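K.L.:
Sending over a structure as structure tokens; questions will come in a sec.
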Amino acid sequence: MATLAVDGRQHRIVDLPAALGADLERLPHILRIMLENVLRNAGDDAPRASAAVLKWLGTGRSEEEIPFLPGRVMMHDTTCGPALVDIAGMRDALAEAGHDPARLNPVLPVDVSTDHSLGVDVFGSPDALRRNMEREYGRNAERYRFMKWATRALTGFRVHPPGTGIMHTLNLERLASVVTTAERDGVSWAVPDTLIGTDSHTPMINAIGVLGWGVGGLEAESVFFGMPVMIRVPEIVGVRLTGRLKQGVLATDLALTVTERLRRIDLADRFVEFYGEGVSTLSAGDRAVIANMTPEFGANSGFFPIDDQTLRYLSETGRSAEHIRLVEQYARRQGLWFDPKAAPRFTDTIEIDLDEVEVSLAGPRRPQDRIPAGTTVEALAPMLAGRSEGASGERPGNGAVAIAAITSCTNTSDPRLLVAAGLVARKARAAGLTPPAWVKTSLAPGSPTAERYLRRAGLLDDLEAIGFGIVGYGCTTCIGNSGPLPAVIEQAMTERGIVPVAVLSGNRNFPGRVHPQLEAGFLASPPLVVAFALAGDVNRNILTDPIGLSSSGGEIGLADLWPTGDEIDAALAQAIDSADYGPSYDEAEASETWRALDAPATDLFPWDPGSTYIRRPPFAGFGKGTLLGTYAAHPLLVLGDDITTDHISPAGQVPQVGEAAEYLVERGENRRDLNVFASRRGNWEAMVRGLFTNRSVRNLLDPQIAPGFTIHVGSGEQMPLFLAAERYAAEGAPVVVVAGERYGMGSSRDWAAKGVALLGTRAVLASGFERIHRSNLIGMGILPLRLPVERHPGTLHLRPGDQILIEADAAAISPRCPVPVTVRRAAGTRETFIAIAAIETGLEVEILRSGGIIPLILQRVVNAESTSRETPAPDFTGSGESTRREASPNIRR
């Protein structure tokens, strides 16, 4: 340990240079931060864990596990809702077993944004923001009261109300400290700001040197209550950036290029760190766009170390000069300051030349499918086979832009991109251009500060003039809350079968994600979103073909509208004022509507049996034991590649027709306004009826099976998944799910695992898993098994009546162990092969043997209650404040 003096105040620190010596410069910055965390928190285990980190330097790989204790947790409303339902149910289970329910309490700060259910019901109107917010509260008041109950019942649980922006922008602009201080035993410590978040895009905060990554809600619950994140010393892929972006090329173009390049390699459970002289040419805003796309390129992180750009960003967003000095002096003293000439040891490296990046889009179906911006016609062509009608000046056709949305934290957290969009709008307005009537336009910034700087630069009027008025501060279209399509588009789809598209500045464009009726979507920078809205379709080379006609009849192309770097810089200088950030958030936090919501102030939540939003879940208890063992199971679903969490458990609008709709309507809900699935995640009965209902899901058991259905073997009937699951459960027949590559990619939503668990699934056999979903499956006690390459679901040819024998004895299971699997064909033949348990740590083995994370948490609370009631929680909270917390059970591993 050592002491760091900043502005006359002494702070104790873990002395990294002394602990590592010459090896410090060889370690990636990510491992430097992890090592500091281990040395500070691991106690008696610190020597072993720190030796494991140092041993990593030899090969860039390790099988050793280390505990990581983040300083704080972030959630958003639709991941916090299911977690709170779990916690409320767990408290009931404790009380029913004769224990004190208040013992189940977070031991570190939890911040919750309220951003994931806001819909674009109203657009293109001066009062769109007000009306959308009114509908937001009208639809979700019950959920919000539940969240307010949590702020009263749980220690250190803080909710940021609707209107305070998107989780990751809020974190960047307001919550993150980069370096924080905390009091322990009367001594001030300086430590790195670290966190986990229940959203896959949590790594956006990596842009300013804060180590954080996305986890499922179940893993977050374990961290709430003191269990560490147990990880193997991670493999770190170094991405060396050289050169400088060309004139006219924006951060979005670079982020899409990085996503394309990195998706070509296997980054499962690996971290990415950027290094090289090109890093220094990127602003913190640029870096945030890239880091936000971490889940899209498949990694745990997209980390940029601390440097002058970090300090500049902290200053621009209103952090104090004193705090900025602390960040700089701590980073330099601890070897956490970025050196553009350094080349640490990485597991693997790739190089990206910034000079070669071009203006780009991604689509029309996956975020990694980057294309040059002028090639949308060729990219969309495969989806238009046999369809010839394109959009015209009078009516929409194939390739018509149905939705043009400047949305998402990905691209609206960087003021430079919003200003660029505003400048395109200004030039379009001056030329007399407006989007066709069939284009639904919207602007939903990640931060309430955006309104101030856009208005100060005079650009908000220009955006509003062409339809891009602010509709709210939330995820909106990016998460699928795009609201109804324009009537003219719906009519054209119904009557003429056109294939329209969405163009959005978001991070995902999976079929049906942006809107359940839209199969095609292109990701683009905010100024390109404006350009495509003006064009009205993607049936042109946006870079060279005319976009429209001016008021005088002249052709206007993108070159006439695109701002130069100097123009953007000048507008930014006019727009940005660091004094905006604090007041913008303060005003949003002081919402009278939020303040007026009543909520119970009890240790136990009073469930309402008539609620269609919040119901006590059947899995939030001590459980029935492990799902491991040897058993023969029916394949409930057999799926192909790229099944996302959106495919498994949708987030968007609840359709008016379907099992979920019938359930809700029977209980008094309005069929025309059933809200979004994301808002219903507190009601397991509604959610289980929406599983796998995405129109693009194909159950390979039989090509005739509709999405959300399967064939029940005993009866031969095709029926909804949840009904088939009920029958199998009554018969005592286990079921499994079989899937292809990248199963569970996309959002972190734990409901994709909870839903599968409620179907009675004991194992998921897949060619490959995305990290967070794999962790969520384990959290529900479900065994993830990785299929051998030659046993892809497409070649297994499973049919109704086939069974899968799995031999996974609880005593024998271990990380990455072989598991024998036998396919028993209905015709009488058998095929045996070896799958690999997709388990990474000993803690995950313990979770599986316990039947899931919830039973394990409850058992540890009970054990802690019986042994010690006075163990204080650790005070390295990452809150940036000196806090003393009430005693909480120490249930850390």
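Residues in the structure tokens are numbered from 1 in each chain, the chains being A, B, ... in the order shown, and ligands are numbered from 1 in the order shown.
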Could you build a table of the residues in range 278-334 of chain A lying no more than 12 Å from range 351-354 of chain A, giving for each the nearest pair of atoms and their separation in Å rounded to one decimal place, using only C-alpha atoms, ordered by chain and ascending residue number, as JSON lines?
P.N.:
{"residue": "A:Gly278", "atom": "CA", "partner": "A:Leu354", "partner_atom": "CA", "distance": 7.1}
{"residue": "A:Val279", "atom": "CA", "partner": "A:Leu354", "partner_atom": "CA", "distance": 9.5}
{"residue": "A:Ser280", "atom": "CA", "partner": "A:Leu354", "partner_atom": "CA", "distance": 11.6}
{"residue": "A:Thr281", "atom": "CA", "partner": "A:Leu354", "partner_atom": "CA", "distance": 9.6}
{"residue": "A:Leu282", "atom": "CA", "partner": "A:Leu354", "partner_atom": "CA", "distance": 10.0}
K.L.:
Please identify which residues in range 609-852 of chain A DSSP calls strand (DSSP E) from the backbone, and express them as a ChimeraX atom specification.
P.N.:
/A:629-638,709-711,718-720,735-739,761-766,783-786,803-808,818-824,830-837
K.L.:
Would you save the residues of that selection, restricted to C-alpha atoms, as a compact mmCIF listing (two decimals), in the first residue's frame?
P.N.:
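Result saved to again_8.txt:
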# COMPACT_ATOMS: atom_id res chain seq x y z
CA GLY A 629 -28.16 -35.57 -13.98
CA THR A 630 -28.71 -38.30 -16.57
CA TYR A 631 -31.99 -38.11 -18.46
CA ALA A 632 -33.62 -38.54 -21.86
CA ALA A 633 -35.33 -35.37 -23.09
CA HIS A 634 -37.60 -34.30 -25.91
CA PRO A 635 -36.21 -31.48 -28.10
CA LEU A 636 -38.80 -28.75 -27.57
CA LEU A 637 -37.18 -26.45 -30.11
CA VAL A 638 -34.50 -26.97 -32.74
CA PHE A 709 -45.24 -23.32 -31.28
CA THR A 710 -43.96 -26.89 -31.19
CA ILE A 711 -45.27 -30.41 -31.68
CA GLN A 718 -49.03 -28.50 -32.78
CA MET A 719 -49.50 -26.17 -29.83
CA PRO A 720 -48.00 -23.08 -28.13
CA VAL A 735 -37.15 -31.12 -22.50
CA VAL A 736 -34.10 -29.46 -24.07
CA VAL A 737 -33.47 -26.76 -26.67
CA VAL A 738 -31.06 -27.25 -29.57
CA ALA A 739 -29.59 -24.27 -31.45
CA THR A 761 -35.67 -26.87 -20.17
CA ARG A 762 -32.85 -28.74 -18.42
CA ALA A 763 -30.12 -28.11 -21.01
CA VAL A 764 -29.48 -26.04 -24.12
CA LEU A 765 -27.26 -27.67 -26.75
CA ALA A 766 -25.83 -25.10 -29.16
CA LEU A 783 -26.74 -26.58 -18.42
CA PRO A 784 -25.30 -25.03 -21.62
CA LEU A 785 -23.64 -27.65 -23.81
CA ARG A 786 -21.47 -26.76 -26.80
CA GLN A 803 -34.98 -38.04 -27.78
CA ILE A 804 -31.66 -36.70 -26.50
CA LEU A 805 -29.94 -38.60 -23.69
CA ILE A 806 -27.63 -36.36 -21.61
CA GLU A 807 -25.22 -37.74 -19.03
CA ALA A 808 -24.34 -34.78 -16.81
CA PRO A 818 -16.91 -33.47 -21.76
CA VAL A 819 -20.55 -34.57 -21.54
CA PRO A 820 -21.78 -37.67 -23.43
CA VAL A 821 -24.87 -37.05 -25.54
CA THR A 822 -26.88 -39.71 -27.39
CA VAL A 823 -29.58 -39.02 -29.96
CA ARG A 824 -32.24 -41.73 -29.81
CA ARG A 830 -28.75 -44.13 -31.92
CA GLU A 831 -25.90 -41.65 -32.36
CA THR A 832 -23.50 -40.76 -29.56
CA PHE A 833 -21.11 -37.81 -29.43
CA ILE A 834 -19.33 -35.65 -26.88
CA ALA A 835 -20.52 -32.14 -26.08
CA ILE A 836 -18.55 -29.69 -23.95
CA ALA A 837 -20.05 -28.08 -20.87
K.L.:
Might you pull out every residue within 12 Å of Arg333 in chain A, with only C-alpha atoms counted and same-chain residues fewer than 6 positions away left off, and present them as a list in words?
P.N.:
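What passes the distance filter is Ala2, Thr3, Leu4, Ala5, Val6, Ile13, Val14, Asp15, Leu16, Pro17, Ala18, Leu24, Ala190, Val191, Arg325, Leu326 and Val327 of chain A.
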K.L.:
Counting only C-alpha atoms, which residue out of A:Pro500, A:Pro546, A:Pro126, A:Gly781 sits closest to Ser442 in chain A?
P.N.:
A:Pro126
K.L.:
Going by DSSP on the backbone, which bits of range 225-460 of chain A are helix (DSSP H, G or I)? Write them as a ChimeraX atom specification, please.
P.N.:
/A:251-262,277-281,284-292,294-297,308-316,321-333,354-356,376-384,409-412,415-431,449-456,459-460
K.L.:
Residues near Gly119 in chain A, anyone? I mean within 7 Å using only C-alpha atoms, not counting same-chain ones fewer than 4 positions away, as a PyMOL selection string.
P.N.:
chain A and resi 132+476+481-483
K.L.:
With a cut-off of 7 Å, could you pull out the residues of range 586-625 of chain A touching range 851-864 of chain A and give me the nearest pair of atoms for each, distance in Å to one decimal, using only C-alpha atoms, ordered by chain and ascending number, as a tab-separated table?
P.N.:
residue	atom	partner	partner_atom	distance
A:Ala620	CA	A:Ile854	CA	6.4
A:Gly621	CA	A:Pro855	CA	6.2
A:Phe622	CA	A:Pro855	CA	4.5
A:Gly623	CA	A:Pro855	CA	5.7
A:Gly625	CA	A:Gly851	CA	5.0
K.L.:
Please, could you write that set of residues out with N, CA and C atoms as a tab-separated table (two decimals), in the first residue's frame?
P.N.:
chain	number	residue	atom	x	y	z
A	620	ALA	N	-38.53	-17.81	-7.79
A	620	ALA	CA	-37.84	-16.95	-6.82
A	620	ALA	C	-37.97	-17.54	-5.41
A	621	GLY	N	-37.38	-18.72	-5.23
A	621	GLY	CA	-37.43	-19.37	-3.94
A	621	GLY	C	-36.25	-20.29	-3.75
A	622	PHE	N	-36.34	-21.16	-2.76
A	622	PHE	CA	-35.23	-22.06	-2.44
A	622	PHE	C	-35.04	-23.15	-3.47
A	623	GLY	N	-36.00	-23.33	-4.38
A	623	GLY	CA	-35.83	-24.25	-5.49
A	623	GLY	C	-36.08	-25.70	-5.14
A	625	GLY	N	-33.79	-28.17	-6.25
A	625	GLY	CA	-32.56	-28.92	-6.44
A	625	GLY	C	-32.03	-28.79	-7.85
K.L.:
What's the 9 Å shell around range 490-496 of chain A, counting only C-alpha atoms, without same-chain residues fewer than 2 positions away, as a list in words?
P.N.:
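Residues near the query, excluding close chain neighbours: Glu389, Arg395, Pro396, Gly397, Leu485, Pro486, Ala487, Val488, Ile498, Val499, Pro500 and Gln517 of chain A.
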K.L.:
Which residues come within 10 Å of Leu843 in chain A, counting only C-alpha atoms, excluding same-chain residues fewer than 4 positions away, as a ChimeraX atom specification?
P.N.:
/A:65,227-231,815,839,847-849,853,893
K.L.:
Can you write just those residues out, N, CA, C and O atoms, as a tab-separated table (two decimals), in the first residue's frame?
P.N.:
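Final file, out33.tsv:
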chain	number	residue	atom	x	y	z
A	65	GLU	N	-8.83	-18.75	-12.02
A	65	GLU	CA	-9.95	-17.87	-11.75
A	65	GLU	C	-9.55	-16.77	-10.78
A	65	GLU	O	-8.72	-16.98	-9.89
A	227	MET	N	-21.66	-11.53	-3.64
A	227	MET	CA	-20.84	-12.52	-4.32
A	227	MET	C	-20.00	-11.83	-5.40
A	227	MET	O	-20.48	-10.93	-6.07
A	228	PRO	N	-18.76	-12.24	-5.57
A	228	PRO	CA	-17.93	-11.61	-6.59
A	228	PRO	C	-18.29	-12.12	-7.97
A	228	PRO	O	-18.96	-13.14	-8.13
A	229	VAL	N	-17.85	-11.38	-8.98
A	229	VAL	CA	-17.86	-11.90	-10.34
A	229	VAL	C	-16.61	-12.77	-10.46
A	229	VAL	O	-15.49	-12.28	-10.40
A	230	MET	N	-16.80	-14.07	-10.59
A	230	MET	CA	-15.67	-14.98	-10.74
A	230	MET	C	-15.40	-15.19	-12.23
A	230	MET	O	-16.29	-15.61	-12.98
A	231	ILE	N	-14.19	-14.86	-12.66
A	231	ILE	CA	-13.84	-15.01	-14.07
A	231	ILE	C	-12.46	-15.64	-14.19
A	231	ILE	O	-11.61	-15.50	-13.30
A	815	PRO	N	-15.78	-27.12	-15.14
A	815	PRO	CA	-15.62	-26.21	-16.28
A	815	PRO	C	-15.07	-26.91	-17.52
A	815	PRO	O	-14.07	-27.63	-17.46
A	839	ILE	N	-19.17	-24.11	-19.30
A	839	ILE	CA	-19.03	-23.61	-17.93
A	839	ILE	C	-17.63	-23.04	-17.81
A	839	ILE	O	-16.67	-23.69	-18.23
A	847	ILE	N	-23.38	-22.93	-8.84
A	847	ILE	CA	-24.72	-22.44	-9.18
A	847	ILE	C	-25.56	-23.56	-9.79
A	847	ILE	O	-26.72	-23.77	-9.41
A	848	LEU	N	-24.98	-24.30	-10.72
A	848	LEU	CA	-25.71	-25.40	-11.36
A	848	LEU	C	-26.08	-26.48	-10.35
A	848	LEU	O	-27.18	-27.03	-10.37
A	849	ARG	N	-25.16	-26.81	-9.46
A	849	ARG	CA	-25.45	-27.84	-8.46
A	849	ARG	C	-26.52	-27.38	-7.47
A	849	ARG	O	-27.21	-28.20	-6.87
A	853	ILE	N	-28.99	-19.50	-9.45
A	853	ILE	CA	-28.38	-18.47	-8.61
A	853	ILE	C	-29.29	-18.07	-7.46
A	853	ILE	O	-28.83	-17.77	-6.34
A	893	ARG	N	-17.96	-15.14	-1.90
A	893	ARG	CA	-17.33	-16.47	-2.02
A	893	ARG	C	-15.98	-16.48	-1.33
A	893	ARG	O	-15.16	-15.64	-1.51
K.L.:
Considering only C-alpha atoms, state which residue in the set A:Trp149, A:Phe123, A:Phe224, A:Tyr144 is at the smallest distance from Arg72 in chain A.
P.N.:
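Selected residue with least distance to Arg72 in chain A: A:Phe224.
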